[in-house]
>>> print(open('target-v3.pdb').read())   # PDB, C-alpha atoms, pLDDT in the B column
ATOM      1  CA  MET A 161       0.000   0.000   0.000  1.00 38.00           C
ATOM      2  CA  ALA A 162       1.417   3.365  -0.990  1.00 43.00           C
ATOM      3  CA  VAL A 163       1.657   5.919   1.759  1.00 40.00           C
ATOM      4  CA  LYS A 164       0.641   9.450   0.795  1.00 42.00           C
ATOM      5  CA  ARG A 165       1.052  12.632   2.761  1.00 44.00           C
ATOM      6  CA  ALA A 166      -2.016  14.823   2.944  1.00 44.00           C
ATOM      7  CA  GLN A 167      -3.465  17.749   4.815  1.00 47.00           C
ATOM      8  CA  ASN A 168      -7.105  17.952   5.756  1.00 46.00           C
ATOM      9  CA  PRO A 169      -9.108  21.192   5.661  1.00 43.00           C
ATOM     10  CA  SER A 170      -8.447  21.818   9.359  1.00 46.00           C
ATOM     11  CA  GLY A 171      -4.722  22.045   8.678  1.00 50.00           C
ATOM     12  CA  LEU A 172      -3.806  18.821  10.499  1.00 46.00           C
ATOM     13  CA  ARG A 173      -1.049  16.964   8.700  1.00 49.00           C
ATOM     14  CA  PHE A 174      -1.288  13.220   8.504  1.00 46.00           C
ATOM     15  CA  VAL A 175      -0.144  10.247   6.453  1.00 45.00           C
ATOM     16  CA  ILE A 176      -2.907   8.378   4.687  1.00 42.00           C
ATOM     17  CA  GLY A 177      -2.838   4.724   5.662  1.00 47.00           C
ATOM     18  CA  LYS A 178      -0.712   5.260   8.735  1.00 48.00           C
ATOM     19  CA  PRO A 179      -1.339   7.116  12.004  1.00 52.00           C
ATOM     20  CA  PRO A 180       1.099   9.884  12.922  1.00 52.00           C
ATOM     21  CA  SER A 181       4.326   8.938  14.617  1.00 54.00           C
ATOM     22  CA  PRO A 182       6.094  10.994  17.263  1.00 52.00           C
ATOM     23  CA  VAL A 183       8.585  13.534  15.976  1.00 51.00           C
ATOM     24  CA  SER A 184      11.996  13.586  17.575  1.00 50.00           C
ATOM     25  CA  ARG A 185      14.075  16.652  18.188  1.00 53.00           C
ATOM     26  CA  LYS A 186      17.526  17.396  19.510  1.00 56.00           C
ATOM     27  CA  PRO A 187      17.759  16.709  23.227  1.00 54.00           C
ATOM     28  CA  ARG A 188      18.667  19.571  25.496  1.00 58.00           C
ATOM     29  CA  LYS A 189      21.841  19.436  27.531  1.00 59.00           C
ATOM     30  CA  MET A 190      21.370  17.908  30.949  1.00 56.00           C
ATOM     31  CA  GLU A 191      22.060  20.331  33.738  1.00 61.00           C
ATOM     32  CA  ASN A 192      22.339  19.547  37.420  1.00 60.00           C
ATOM     33  CA  VAL A 193      21.703  15.836  36.847  1.00 54.00           C
ATOM     34  CA  PRO A 194      23.685  13.472  39.086  1.00 52.00           C
ATOM     35  CA  GLU A 195      25.926  10.870  37.484  1.00 71.00           C
ATOM     36  CA  LYS A 196      23.670   7.951  38.410  1.00 85.00           C
ATOM     37  CA  ILE A 197      20.301   7.696  40.039  1.00 88.00           C
ATOM     38  CA  PRO A 198      19.508   4.872  42.487  1.00 92.00           C
ATOM     39  CA  ALA A 199      18.466   1.641  40.756  1.00 90.00           C
ATOM     40  CA  GLU A 200      15.081   1.389  42.504  1.00 92.00           C
ATOM     41  CA  LEU A 201      14.202   4.975  41.612  1.00 93.00           C
ATOM     42  CA  ALA A 202      15.301   4.449  38.004  1.00 92.00           C
ATOM     43  CA  LYS A 203      13.157   1.321  37.779  1.00 93.00           C
ATOM     44  CA  GLU A 204      10.068   3.139  39.093  1.00 95.00           C
ATOM     45  CA  LEU A 205      10.643   6.139  36.806  1.00 95.00           C
ATOM     46  CA  ARG A 206      11.053   3.870  33.754  1.00 95.00           C
ATOM     47  CA  LYS A 207       7.784   2.132  34.639  1.00 96.00           C
ATOM     48  CA  LEU A 208       5.991   5.469  34.973  1.00 97.00           C
ATOM     49  CA  ALA A 209       7.471   6.720  31.680  1.00 96.00           C
ATOM     50  CA  HIS A 210       6.289   3.516  29.992  1.00 96.00           C
ATOM     51  CA  ASP A 211       2.778   3.922  31.393  1.00 97.00           C
ATOM     52  CA  LEU A 212       2.770   7.557  30.285  1.00 97.00           C
ATOM     53  CA  SER A 213       3.795   6.452  26.782  1.00 97.00           C
ATOM     54  CA  ASN A 214       0.822   4.110  26.645  1.00 97.00           C
ATOM     55  CA  ALA A 215      -1.596   6.825  27.756  1.00 97.00           C
ATOM     56  CA  LEU A 216      -0.145   9.336  25.293  1.00 97.00           C
ATOM     57  CA  GLU A 217      -0.378   6.831  22.457  1.00 97.00           C
ATOM     58  CA  THR A 218      -4.112   6.528  23.098  1.00 97.00           C
ATOM     59  CA  ILE A 219      -4.484  10.316  22.921  1.00 97.00           C
ATOM     60  CA  VAL A 220      -2.381  10.568  19.746  1.00 96.00           C
ATOM     61  CA  GLN A 221      -4.320   7.782  18.030  1.00 97.00           C
ATOM     62  CA  ALA A 222      -7.721   9.130  19.091  1.00 96.00           C
ATOM     63  CA  THR A 223      -6.778  12.596  17.823  1.00 96.00           C
ATOM     64  CA  TYR A 224      -5.734  11.089  14.507  1.00 96.00           C
ATOM     65  CA  LEU A 225      -9.032   9.217  14.192  1.00 96.00           C
ATOM     66  CA  ILE A 226     -11.035  12.349  15.054  1.00 96.00           C
ATOM     67  CA  SER A 227      -9.132  14.322  12.411  1.00 94.00           C
ATOM     68  CA  GLN A 228      -9.889  11.582   9.861  1.00 95.00           C
ATOM     69  CA  ALA A 229     -13.589  11.743  10.684  1.00 96.00           C
ATOM     70  CA  GLY A 230     -13.683  15.396   9.651  1.00 94.00           C
ATOM     71  CA  PRO A 231     -14.712  17.237  12.797  1.00 93.00           C
ATOM     72  CA  PRO A 232     -17.080  20.207  12.484  1.00 94.00           C
ATOM     73  CA  GLU A 233     -15.467  23.540  11.648  1.00 93.00           C
ATOM     74  CA  ASN A 234     -15.901  24.870  15.190  1.00 92.00           C
ATOM     75  CA  SER A 235     -14.053  21.837  16.654  1.00 95.00           C
ATOM     76  CA  ARG A 236     -11.063  21.705  14.323  1.00 94.00           C
ATOM     77  CA  ARG A 237      -8.929  24.158  16.285  1.00 95.00           C
ATOM     78  CA  TRP A 238      -9.501  22.124  19.459  1.00 95.00           C
ATOM     79  CA  VAL A 239      -8.392  18.957  17.657  1.00 96.00           C
ATOM     80  CA  GLU A 240      -5.272  20.789  16.429  1.00 95.00           C
ATOM     81  CA  MET A 241      -4.478  21.934  19.960  1.00 96.00           C
ATOM     82  CA  ILE A 242      -4.865  18.399  21.326  1.00 96.00           C
ATOM     83  CA  ASP A 243      -2.674  17.057  18.521  1.00 96.00           C
ATOM     84  CA  GLU A 244       0.082  19.616  19.082  1.00 97.00           C
ATOM     85  CA  ALA A 245       0.077  19.211  22.859  1.00 97.00           C
ATOM     86  CA  SER A 246       0.050  15.419  22.726  1.00 97.00           C
ATOM     87  CA  GLN A 247       2.936  15.374  20.227  1.00 96.00           C
ATOM     88  CA  GLU A 248       4.927  17.673  22.533  1.00 97.00           C
ATOM     89  CA  ALA A 249       4.146  15.418  25.500  1.00 97.00           C
ATOM     90  CA  VAL A 250       5.402  12.421  23.499  1.00 97.00           C
ATOM     91  CA  ARG A 251       8.662  14.268  22.755  1.00 97.00           C
ATOM     92  CA  ILE A 252       9.094  15.198  26.424  1.00 97.00           C
ATOM     93  CA  ASN A 253       8.453  11.602  27.495  1.00 97.00           C
ATOM     94  CA  GLN A 254      10.977  10.334  24.933  1.00 97.00           C
ATOM     95  CA  ARG A 255      13.540  12.723  26.375  1.00 96.00           C
ATOM     96  CA  LEU A 256      12.720  11.555  29.895  1.00 95.00           C
ATOM     97  CA  ARG A 257      13.242   7.942  28.853  1.00 95.00           C
ATOM     98  CA  GLN A 258      16.535   8.856  27.189  1.00 94.00           C
ATOM     99  CA  VAL A 259      17.774  10.537  30.360  1.00 92.00           C
ATOM    100  CA  LEU A 260      16.727   7.516  32.412  1.00 92.00           C
ATOM    101  CA  ARG A 261      18.650   5.189  30.085  1.00 90.00           C
ATOM    102  CA  GLN A 262      21.757   7.370  30.386  1.00 89.00           C
ATOM    103  CA  GLN A 263      21.506   7.729  34.158  1.00 85.00           C
ATOM    104  CA  SER A 264      20.812   4.151  35.157  1.00 78.00           C
TER     105      SER A 264
END
>>> encode(input="target-v3.pdb", output="structure tokens")
Amino acid sequence: MAVKRAQNPSGLRFVIGKPPSPVSRKPRKMENVPEKIPAELAKELRKLAHDLSNALETIVQATYLISQAGPPENSRRWVEMIDEASQEAVRINQRLRQVLRQQS
């Protein structure tokens, strides 16, 4: 199946045939982060980051499906805001997971 890029009337960008994937960006420098964090704390933080990833994925996918359904004109901006905020949350969570990998 060929994947095509498209933009719906609300301005949301999406790939036809595939839900949006998180966008990565350059990580910021770590400041005031200790060399290593305790193993038990790292384990708990990784679990929480994983659970957050699962919750965010639901939001990202639901937003994609709503955008595909063609929301009413007065709701499109709200869908865009949810999409933008959820994508940013995914990027932040990816960064958190990266820091946890480096610190544990």
>>> atom_distance(input="target-v3.pdb", atom1="CA of Arg206 in chain A", atom2="CA of Ile252 in chain A")
13.6 Å
>>> residues_around(input="target-v3.pdb", residues="Leu256 in chain A", least_positions_apart="3", cutoff="12 Å", atoms="only C-alpha atoms", output="MDAnalysis selection string")
chainID A and resid 187:188 190 202 205:210 212:213 249:253 259:263
>>> residues_around(input="target-v3.pdb", residues="Val220 in chain A", least_positions_apart="2", cutoff="12 Å", atoms="only C-alpha atoms", output="PyMOL selection string")
chain A and resi 174+179-183+213-218+222-227+239-250
>>> atom_distance(input="target-v3.pdb", atom1="CA of Ala199 in chain A", atom2="CA of Ser264 in chain A")
6.6 Å
>>> atom_distance(input="target-v3.pdb", atom1="CA of Ile219 in chain A", atom2="CA of Gln258 in chain A")
21.5 Å
>>> axis_aligned_box(input="target-v3.pdb", around="range 239-254 of chain A", padding_each_side="4 Å", output="lines of an AutoDock Vina configuration file")
center_x = 1.3
center_y = 16.1
center_z = 22.0
size_x = 27.4
size_y = 19.6
size_z = 19.1
